[in-house]
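Note: the block below is protein_32.txt and it holds compact mmCIF, C-alpha atoms.
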```
# COMPACT_ATOMS: atom_id res chain seq x y z
CA MET A 29 4.80 14.04 -29.64
CA SER A 30 3.23 10.69 -30.47
CA GLY A 31 3.92 9.26 -27.03
CA ARG A 32 1.36 11.55 -25.40
CA ASP A 33 -2.02 10.20 -24.33
CA PRO A 34 -5.06 12.53 -24.32
CA ARG A 35 -6.32 10.69 -21.21
CA VAL A 36 -3.32 12.11 -19.33
CA ASP A 37 -4.30 15.60 -20.50
CA ALA A 38 -7.81 14.99 -19.17
CA TYR A 39 -6.43 13.63 -15.87
CA ILE A 40 -4.31 16.74 -15.34
CA GLU A 41 -7.18 19.07 -16.26
CA LYS A 42 -9.47 17.37 -13.71
CA SER A 43 -6.85 17.57 -10.95
CA ALA A 44 -6.86 20.25 -8.26
CA SER A 45 -5.33 23.58 -9.27
CA PHE A 46 -2.28 23.11 -6.99
CA ALA A 47 -1.62 19.70 -8.60
CA GLN A 48 -1.73 20.72 -12.26
CA PRO A 49 1.67 22.47 -12.45
CA ILE A 50 3.28 19.62 -10.49
CA LEU A 51 1.90 16.95 -12.85
CA GLN A 52 2.75 19.01 -15.94
CA HIS A 53 6.32 19.50 -14.68
CA ILE A 54 6.80 15.77 -14.03
CA ARG A 55 5.36 14.99 -17.45
CA ARG A 56 7.73 17.43 -19.19
CA LEU A 57 10.76 16.04 -17.38
CA VAL A 58 9.87 12.44 -18.23
CA HIS A 59 9.51 13.29 -21.93
CA ALA A 60 12.75 15.29 -21.92
CA ALA A 61 14.69 12.51 -20.18
CA CYS A 62 13.25 9.74 -22.34
CA PRO A 63 11.89 11.09 -25.68
CA GLU A 64 10.66 7.62 -26.73
CA VAL A 65 8.42 7.30 -23.65
CA ARG A 66 4.77 6.42 -24.09
CA GLU A 67 2.02 7.60 -21.77
CA THR A 68 -0.85 5.45 -20.56
CA ILE A 69 -3.39 5.21 -17.79
CA LYS A 70 -3.06 2.26 -15.41
CA TRP A 71 -4.96 1.84 -12.17
CA GLN A 72 -6.68 5.16 -13.02
CA MET A 73 -3.37 7.08 -12.85
CA PRO A 74 -0.93 8.33 -15.51
CA HIS A 75 2.09 6.08 -16.12
CA PHE A 76 5.08 6.39 -18.42
CA GLU A 77 6.38 3.36 -20.32
CA ARG A 78 9.48 2.50 -22.33
CA GLY A 79 10.09 -1.23 -22.48
CA GLY A 80 7.91 -1.47 -19.37
CA ILE A 81 6.71 0.98 -16.76
CA LEU A 82 9.24 3.67 -15.78
CA CYS A 83 7.20 5.70 -13.32
CA GLY A 84 3.75 7.02 -12.57
CA MET A 85 2.11 10.01 -10.96
CA ALA A 86 -1.15 10.73 -9.19
CA ALA A 87 -3.11 13.65 -7.81
CA PHE A 88 -5.22 13.50 -4.67
CA LYS A 89 -7.25 16.12 -2.79
CA GLY A 90 -4.35 17.61 -0.87
CA HIS A 91 -1.18 16.20 -2.44
CA CYS A 92 0.42 14.52 -5.44
CA ALA A 93 2.51 11.38 -5.64
CA LEU A 94 5.36 10.25 -7.88
CA PHE A 95 6.50 6.64 -7.90
CA PHE A 96 9.11 4.62 -9.74
CA TRP A 97 8.30 1.07 -10.79
CA LYS A 98 11.77 -0.42 -10.23
CA ARG A 99 12.43 1.79 -7.24
CA ARG A 100 14.52 -0.72 -5.28
CA LEU A 101 16.96 -0.98 -8.16
CA ILE A 102 17.11 2.79 -8.57
CA PHE A 103 17.18 3.92 -4.94
CA GLY A 104 18.20 1.01 -2.73
CA GLN A 105 17.38 1.96 0.87
CA ALA A 106 15.02 4.91 1.35
CA GLU A 107 16.50 8.08 2.76
CA THR A 108 13.29 9.29 4.40
CA ALA A 109 9.95 7.73 5.24
CA ASP A 110 8.20 10.15 2.88
CA GLN A 111 10.44 9.05 0.01
CA ALA A 112 10.25 5.38 0.92
CA GLU A 113 11.79 3.33 -1.87
CA GLY A 114 11.09 5.83 -4.63
CA HIS A 115 7.59 6.79 -3.59
CA PHE A 116 7.22 10.53 -3.20
CA ARG A 117 3.83 10.53 -1.52
CA ARG A 118 3.30 14.01 -0.10
CA ILE A 119 4.05 16.44 -2.90
CA THR A 120 2.04 19.59 -2.17
CA SER A 121 4.13 22.10 -4.13
CA MET A 122 6.95 22.22 -6.65
CA ALA A 123 9.38 22.63 -3.75
CA ASP A 124 8.59 19.06 -2.63
CA LEU A 125 9.88 17.61 -5.91
CA PRO A 126 13.51 16.50 -6.25
CA GLY A 127 15.67 18.82 -8.37
CA ASP A 128 15.29 18.52 -12.14
CA ALA A 129 18.77 17.03 -12.62
CA THR A 130 18.16 14.42 -9.92
CA LEU A 131 14.73 13.50 -11.22
CA THR A 132 16.05 13.31 -14.79
CA SER A 133 18.84 10.95 -13.72
CA TRP A 134 16.31 8.64 -12.01
CA ILE A 135 14.09 8.59 -15.10
CA LYS A 136 17.09 7.74 -17.30
CA LYS A 137 18.15 5.01 -14.89
CA ALA A 138 14.62 3.54 -14.96
CA ALA A 139 14.69 3.57 -18.79
CA ALA A 140 18.15 1.94 -18.85
CA LEU A 141 16.94 -0.84 -16.52
CA ASN A 142 13.98 -1.53 -18.81
CA GLU A 143 16.13 -1.45 -21.94
CA ALA A 144 18.54 -3.94 -20.35
CA GLY A 145 15.60 -6.22 -19.51
CA ILE A 146 16.36 -6.14 -15.80
CA LYS A 147 13.33 -7.24 -13.79
CA ALA A 148 12.26 -5.72 -10.51
CA PRO A 149 13.10 -7.95 -7.54
CA ALA A 150 10.22 -9.99 -6.18
CA PRO A 151 8.69 -8.55 -3.04
CA ALA A 152 9.84 -10.14 0.20
CA LYS A 153 7.62 -12.96 1.39
CA ARG A 154 5.41 -12.04 4.28
CA THR A 155 6.04 -14.00 7.43
CA VAL A 156 2.93 -15.69 8.72
CA LYS A 157 2.34 -15.15 12.40
CA LYS A 158 2.12 -18.35 14.39
CA MET A 159 -1.31 -19.04 15.85
CA PRO A 160 -1.19 -18.63 19.63
CA ALA A 161 -2.36 -21.58 21.71
CA ALA A 162 -5.93 -21.27 22.90
CA PRO A 163 -6.01 -20.92 26.70
CA ALA A 164 -7.67 -23.74 28.61
CA ASP A 165 -10.28 -21.48 30.25
CA PHE A 166 -11.34 -20.10 26.85
CA LEU A 167 -11.56 -23.60 25.34
CA ALA A 168 -13.65 -24.79 28.30
CA ALA A 169 -16.02 -21.83 27.90
CA LEU A 170 -16.29 -22.45 24.14
CA LYS A 171 -17.25 -26.09 24.69
CA LYS A 172 -20.19 -24.96 26.82
CA ASN A 173 -21.50 -22.67 24.05
CA ARG A 174 -22.15 -24.58 20.82
CA GLN A 175 -22.95 -21.52 18.73
CA ALA A 176 -19.78 -19.73 19.79
CA LEU A 177 -17.67 -22.84 19.21
CA ALA A 178 -19.14 -23.40 15.72
CA ALA A 179 -18.51 -19.78 14.77
CA PHE A 180 -14.94 -19.82 16.14
CA GLU A 181 -14.13 -23.00 14.21
CA LYS A 182 -15.42 -21.46 10.95
CA PHE A 183 -13.49 -18.21 11.37
CA SER A 184 -10.40 -17.46 9.32
CA PRO A 185 -7.02 -17.86 11.07
CA SER A 186 -6.67 -14.07 11.32
CA HIS A 187 -10.01 -13.70 13.13
CA LYS A 188 -9.13 -16.56 15.48
CA ARG A 189 -5.73 -14.99 16.17
CA GLU A 190 -7.38 -11.65 17.02
CA TYR A 191 -9.54 -13.27 19.69
CA LEU A 192 -6.74 -15.39 21.11
CA GLU A 193 -4.24 -12.51 21.30
CA TRP A 194 -6.88 -10.26 22.86
CA ILE A 195 -7.75 -12.80 25.56
CA THR A 196 -4.18 -13.82 26.36
CA GLY A 197 -3.11 -10.17 26.37
CA ALA A 198 -5.17 -9.43 29.50
CA LYS A 199 -2.91 -8.66 32.47
CA ARG A 200 -5.46 -9.26 35.24
CA GLU A 201 -7.67 -12.29 35.81
CA GLU A 202 -10.86 -10.15 35.94
CA THR A 203 -10.02 -8.59 32.58
CA ARG A 204 -9.35 -12.00 31.06
CA THR A 205 -12.67 -13.36 32.40
CA ARG A 206 -14.54 -10.33 31.04
CA ARG A 207 -12.86 -10.71 27.64
CA ILE A 208 -13.82 -14.38 27.45
CA GLU A 209 -17.45 -13.47 28.22
CA THR A 210 -17.42 -10.76 25.54
CA ALA A 211 -15.80 -13.14 23.06
CA LEU A 212 -18.45 -15.81 23.67
CA ALA A 213 -21.29 -13.30 23.25
CA GLN A 214 -19.86 -11.99 19.99
CA LEU A 215 -18.97 -15.43 18.67
CA ALA A 216 -22.49 -16.68 19.37
CA GLN A 217 -23.64 -13.97 16.96
CA HIS A 218 -20.90 -14.94 14.43
CA LYS A 219 -19.11 -11.61 14.95
CA SER A 220 -15.41 -11.05 14.63
CA LEU A 221 -13.58 -9.28 17.45
CA HIS A 222 -13.54 -5.92 15.67
CA TRP A 223 -16.88 -6.30 13.88
CA LYS A 224 -17.90 -2.70 14.72
CA TYR A 225 -15.02 -1.32 12.68
CA ARG A 226 -15.29 -3.50 9.58
```

Final structure tokens representation of the file:
Amino acid sequence: MSGRDPRVDAYIEKSASFAQPILQHIRRLVHAACPEVRETIKWQMPHFERGGILCGMAAFKGHCALFFWKRRLIFGQAETADQAEGHFRRITSMADLPGDATLTSWIKKAAALNEAGIKAPAPAKRTVKKMPAAPADFLAALKKNRQALAAFEKFSPSHKREYLEWITGAKREETRTRRIETALAQLAQHKSLHWKYR
């Protein structure tokens, strides 16, 4: 079959032994459902194309994944969190795959969408969280510490928000005072709130 890509063969061969039969099975079904499909490697994973991407698959240390490019048009609302919008993320055995007839119908639907030139819907716009107001006691403390103030002013909105939400989230006055002191010490060293974990 001319639509096969030797890089996909190599990908499957390098995958864990549990993953190889899963990937081979998906590959066979895709070719059977859409004989004109072409294989490729995108984002270091095998993908199947026919007038655009139909689906892709991946192998990880402990599981495989199968994902459909136009999943919202094929599936609508997800039935389970593990199959969220056409992403089958935790495939550890053949039993985790949908039935052959079901999977074949999804592949054919993906091909039909591409052949009809139907585009995937644009992802929903992320809502930007409103910046909380800086508390007066924190602002007063910042004004007394030039280094901390300069660092806070240069920080990105997300880093500023982290500090402000952390300080205003304190339930007791002593906790709030302690958090302001910690914030000033870290800001004076140009450190974000969660600098230890970055």

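Going from CA of Gln72 (chain A) to CA of Lys153 (chain A) covers 27.2 Å.
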
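We find CA of Arg55 (chain A) and CA of Met85 (chain A) to be spaced 8.8 Å apart.
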
Here CA of Ile54 (chain A) and CA of Gly84 (chain A) stand apart by 9.4 Å

Do you know which residues are at most 12 Å from Leu177 (chain A) counting only C-alpha atoms, after dropping those on the same chain fewer than 3 positions away, and could you put them as an mmCIF file with C-alpha atoms, in the coordinates of the input?
```cif
data_model
loop_
_atom_site.group_PDB
_atom_site.id
_atom_site.type_symbol
_atom_site.label_atom_id
_atom_site.label_comp_id
_atom_site.auth_asym_id
_atom_site.auth_seq_id
_atom_site.Cartn_x
_atom_site.Cartn_y
_atom_site.Cartn_z
ATOM 1 C CA PHE A 166 -11.340 -20.100 26.850
ATOM 2 C CA LEU A 167 -11.560 -23.600 25.340
ATOM 3 C CA ALA A 168 -13.650 -24.790 28.300
ATOM 4 C CA ALA A 169 -16.020 -21.830 27.900
ATOM 5 C CA LEU A 170 -16.290 -22.450 24.140
ATOM 6 C CA LYS A 171 -17.250 -26.090 24.690
ATOM 7 C CA LYS A 172 -20.190 -24.960 26.820
ATOM 8 C CA ASN A 173 -21.500 -22.670 24.050
ATOM 9 C CA ARG A 174 -22.150 -24.580 20.820
ATOM 10 C CA PHE A 180 -14.940 -19.820 16.140
ATOM 11 C CA GLU A 181 -14.130 -23.000 14.210
ATOM 12 C CA LYS A 182 -15.420 -21.460 10.950
ATOM 13 C CA PHE A 183 -13.490 -18.210 11.370
ATOM 14 C CA LYS A 188 -9.130 -16.560 15.480
ATOM 15 C CA ALA A 211 -15.800 -13.140 23.060
ATOM 16 C CA LEU A 212 -18.450 -15.810 23.670
ATOM 17 C CA ALA A 213 -21.290 -13.300 23.250
ATOM 18 C CA GLN A 214 -19.860 -11.990 19.990
ATOM 19 C CA LEU A 215 -18.970 -15.430 18.670
ATOM 20 C CA ALA A 216 -22.490 -16.680 19.370
ATOM 21 C CA GLN A 217 -23.640 -13.970 16.960
ATOM 22 C CA HIS A 218 -20.900 -14.940 14.430
#
```

Up to 10 Å from (-9.0, -9.6, 20.7) in the file's coordinates: name the residues, counting only C-alpha atoms, as JSON, numbers by chain.
{"A": [187, 188, 189, 190, 191, 192, 193, 194, 195, 196, 197, 198, 207, 208, 210, 211, 220, 221, 222]}

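Closest approach to Lys147 (chain A) from the set A:Ala87, A:Ile102, A:Leu131, A:Ala164 is made by A:Ile102, with distances taken over all atoms listed in the file.
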
Please provide as a short mmCIF file (atom, residue, chain, number, x, y, z; two decimals) with C-alpha atoms, keeping the file's coordinate frame all residues within 12 Å of region 95-101 of chain A, with the sequence filter that same-chain residues fewer than 5 positions apart are discarded (counting all atoms listed in the file).
```
data_model
loop_
_atom_site.label_atom_id
_atom_site.label_comp_id
_atom_site.auth_asym_id
_atom_site.auth_seq_id
_atom_site.Cartn_x
_atom_site.Cartn_y
_atom_site.Cartn_z
CA ILE A 54 6.80 15.77 -14.03
CA VAL A 58 9.87 12.44 -18.23
CA MET A 73 -3.37 7.08 -12.85
CA PRO A 74 -0.93 8.33 -15.51
CA HIS A 75 2.09 6.08 -16.12
CA PHE A 76 5.08 6.39 -18.42
CA GLU A 77 6.38 3.36 -20.32
CA ARG A 78 9.48 2.50 -22.33
CA GLY A 80 7.91 -1.47 -19.37
CA ILE A 81 6.71 0.98 -16.76
CA LEU A 82 9.24 3.67 -15.78
CA CYS A 83 7.20 5.70 -13.32
CA GLY A 84 3.75 7.02 -12.57
CA MET A 85 2.11 10.01 -10.96
CA ALA A 86 -1.15 10.73 -9.19
CA ALA A 87 -3.11 13.65 -7.81
CA ALA A 106 15.02 4.91 1.35
CA ASP A 110 8.20 10.15 2.88
CA GLN A 111 10.44 9.05 0.01
CA ALA A 112 10.25 5.38 0.92
CA GLU A 113 11.79 3.33 -1.87
CA GLY A 114 11.09 5.83 -4.63
CA HIS A 115 7.59 6.79 -3.59
CA PHE A 116 7.22 10.53 -3.20
CA ARG A 117 3.83 10.53 -1.52
CA ARG A 118 3.30 14.01 -0.10
CA ILE A 119 4.05 16.44 -2.90
CA LEU A 125 9.88 17.61 -5.91
CA LEU A 131 14.73 13.50 -11.22
CA TRP A 134 16.31 8.64 -12.01
CA ILE A 135 14.09 8.59 -15.10
CA LYS A 136 17.09 7.74 -17.30
CA LYS A 137 18.15 5.01 -14.89
CA ALA A 138 14.62 3.54 -14.96
CA ALA A 139 14.69 3.57 -18.79
CA ALA A 140 18.15 1.94 -18.85
CA LEU A 141 16.94 -0.84 -16.52
CA ASN A 142 13.98 -1.53 -18.81
CA GLY A 145 15.60 -6.22 -19.51
CA ILE A 146 16.36 -6.14 -15.80
CA LYS A 147 13.33 -7.24 -13.79
CA ALA A 148 12.26 -5.72 -10.51
CA PRO A 149 13.10 -7.95 -7.54
CA ALA A 150 10.22 -9.99 -6.18
CA PRO A 151 8.69 -8.55 -3.04
CA ALA A 152 9.84 -10.14 0.20
#
```

Determine, counting only C-alpha atoms, which protein, DNA and RNA residues have an atom within 6 Å of an atom of region 59-64 of chain A; residues of the same chain fewer than 2 positions away are not included. Present the result as a PDB file with C-alpha atoms, in the frame of the given file.
```pdb
ATOM      1  CA  ARG A  56       7.730  17.430 -19.190  1.00  0.00           C
ATOM      2  CA  LEU A  57      10.760  16.040 -17.380  1.00  0.00           C
ATOM      3  CA  THR A 132      16.050  13.310 -14.790  1.00  0.00           C
TER       4      THR A 132
END
```
